[in-house]
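Only one structure is covered here, and it is reproduced in the block below.
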Amino acid sequence: MRFTLDVARGERIAVLGPSGAGKSTLLNLIAGFLPPASGSLLINGEAHNATPPAQRPVSMLFQENNCLTI
């Protein structure tokens, strides 16, 4: 997977796509639950390939019953 994303501080985004597109893989890489096979994961211009999940400067909210109410 090759992915580039620029998000402004305080901005909220959603990751949408069909099953198998890599959404969960992308979020797990950003959160630090999976290590990148190659390349670098940059957050605020700093590499976070080896940063433990609890020390990463990101937050994640899963959709199920949290964002969308019907």
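Lettering and numbering for the structure tokens are positional, with chains as A, B, ... in the shown order, residues counted from 1 in each chain, and ligands counted from 1 in the shown order.
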| request: Quick one: everything within 10 Å of Val7 in chain A, counting only C-alpha atoms, minus sequence neighbours fewer than 4 positions away in the same chain. Send it as a list in words. | output: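 Residues meeting the cut-off are Glu11, Arg12, Ile13, Ile43 and Asn44 of chain A.
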Write a file of the just-selected residues containing N, CA and C atoms, as a CSV table (one decimal), in the first residue's frame.
```csv
chain,number,residue,atom,x,y,z
A,11,GLU,N,-8.6,18.9,12.1
A,11,GLU,CA,-9.5,18.5,11.1
A,11,GLU,C,-9.9,17.0,11.3
A,12,ARG,N,-11.1,16.7,11.1
A,12,ARG,CA,-11.6,15.3,11.2
A,12,ARG,C,-11.8,14.8,9.8
A,13,ILE,N,-11.5,13.5,9.6
A,13,ILE,CA,-11.6,12.9,8.3
A,13,ILE,C,-12.3,11.5,8.5
A,43,ILE,N,4.3,11.5,10.8
A,43,ILE,CA,3.2,12.3,11.5
A,43,ILE,C,3.8,13.6,11.9
A,44,ASN,N,3.3,14.7,11.4
A,44,ASN,CA,3.9,16.0,11.7
A,44,ASN,C,5.3,16.1,11.3
```
| field | Long-range neighbours of Pro53 in chain A as a ChimeraX atom specification, 10 Å cut-off, only C-alpha atoms, 4 positions minimum in chain | value | /A:28-34,48,57-58
Export N, CA and C atoms of the chosen residues as a CSV table (one decimal), in the first residue's frame?
```csv
chain,number,residue,atom,x,y,z
A,28,ASN,N,-4.7,0.7,11.2
A,28,ASN,CA,-3.8,0.0,12.0
A,28,ASN,C,-2.3,0.4,11.9
A,29,LEU,N,-1.9,0.8,10.7
A,29,LEU,CA,-0.5,1.3,10.5
A,29,LEU,C,-0.4,2.7,11.2
A,30,ILE,N,-1.3,3.6,11.0
A,30,ILE,CA,-1.3,4.9,11.6
A,30,ILE,C,-1.3,4.7,13.2
A,31,ALA,N,-2.1,3.9,13.7
A,31,ALA,CA,-2.2,3.7,15.1
A,31,ALA,C,-1.0,3.0,15.8
A,32,GLY,N,-0.3,2.3,14.9
A,32,GLY,CA,0.9,1.5,15.4
A,32,GLY,C,0.6,0.1,15.8
A,33,PHE,N,-0.5,-0.4,15.4
A,33,PHE,CA,-0.9,-1.8,15.7
A,33,PHE,C,-0.2,-2.8,14.7
A,34,LEU,N,0.2,-2.2,13.6
A,34,LEU,CA,0.9,-3.0,12.5
A,34,LEU,C,2.2,-2.2,12.2
A,48,HIS,N,7.4,7.7,12.7
A,48,HIS,CA,6.8,7.0,13.9
A,48,HIS,C,6.7,5.5,13.6
A,57,PRO,N,0.7,10.6,18.3
A,57,PRO,CA,-0.1,11.8,18.4
A,57,PRO,C,-1.4,11.7,17.5
A,58,VAL,N,-2.1,10.7,17.7
A,58,VAL,CA,-3.3,10.5,16.9
A,58,VAL,C,-4.5,10.0,17.8
```
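Ranking A:Arg56, A:Glu46, A:Pro36, A:Leu61 by their shortest atom-to-atom distance to Val15 in chain A, with only C-alpha atoms included, puts A:Leu61 first.
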| field | Distance of CA of Met60 in chain A from CA of Leu27 in chain A, expressed in Å to one decimal place | value | 8.2 Å
List the spatial neighbours of Asn49 in chain A as an mmCIF file with C-alpha atoms, in the first residue's frame - criterion: any atom at most 7 Å away, only C-alpha atoms, same-chain residues fewer than 3 positions off excluded.
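Dumped to selection.cif:
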```
data_model
loop_
_atom_site.group_PDB
_atom_site.id
_atom_site.type_symbol
_atom_site.label_atom_id
_atom_site.label_comp_id
_atom_site.auth_asym_id
_atom_site.auth_seq_id
_atom_site.Cartn_x
_atom_site.Cartn_y
_atom_site.Cartn_z
ATOM 1 C CA PRO A 35 4.494 -2.116 11.502
ATOM 2 C CA PRO A 36 5.052 -0.865 7.937
ATOM 3 C CA SER A 40 8.163 5.540 6.662
ATOM 4 C CA LEU A 41 5.097 6.609 8.564
#
```
| request: Go ahead and compute the interatomic distance for CA of Leu5 in chain A and CA of Ala50 in chain A, in Å to one decimal. | output: 19.6 Å
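Here CA of Gly22 in chain A stands at a distance of 14.3 Å from CA of Ala37 in chain A.
For chain A, the set of residues given helix (DSSP H, G or I) by DSSP on the backbone reads A:Lys23, A:Ser24, A:Thr25, A:Leu26, A:Leu27, A:Asn28, A:Leu29, A:Ile30, A:Ala31, A:Pro53, A:Ala54, A:Gln55.
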| request: Just the strand (DSSP E) stuff from chain A, please, per backbone DSSP, written as an MDAnalysis selection string. | output: chainID A and resid 42:43 46:47
| Nearest candidate to Lys23 in chain A (options A:Arg9, A:Ser59, A:Phe3, A:Gly39; using only C-alpha atoms) | A:Phe3
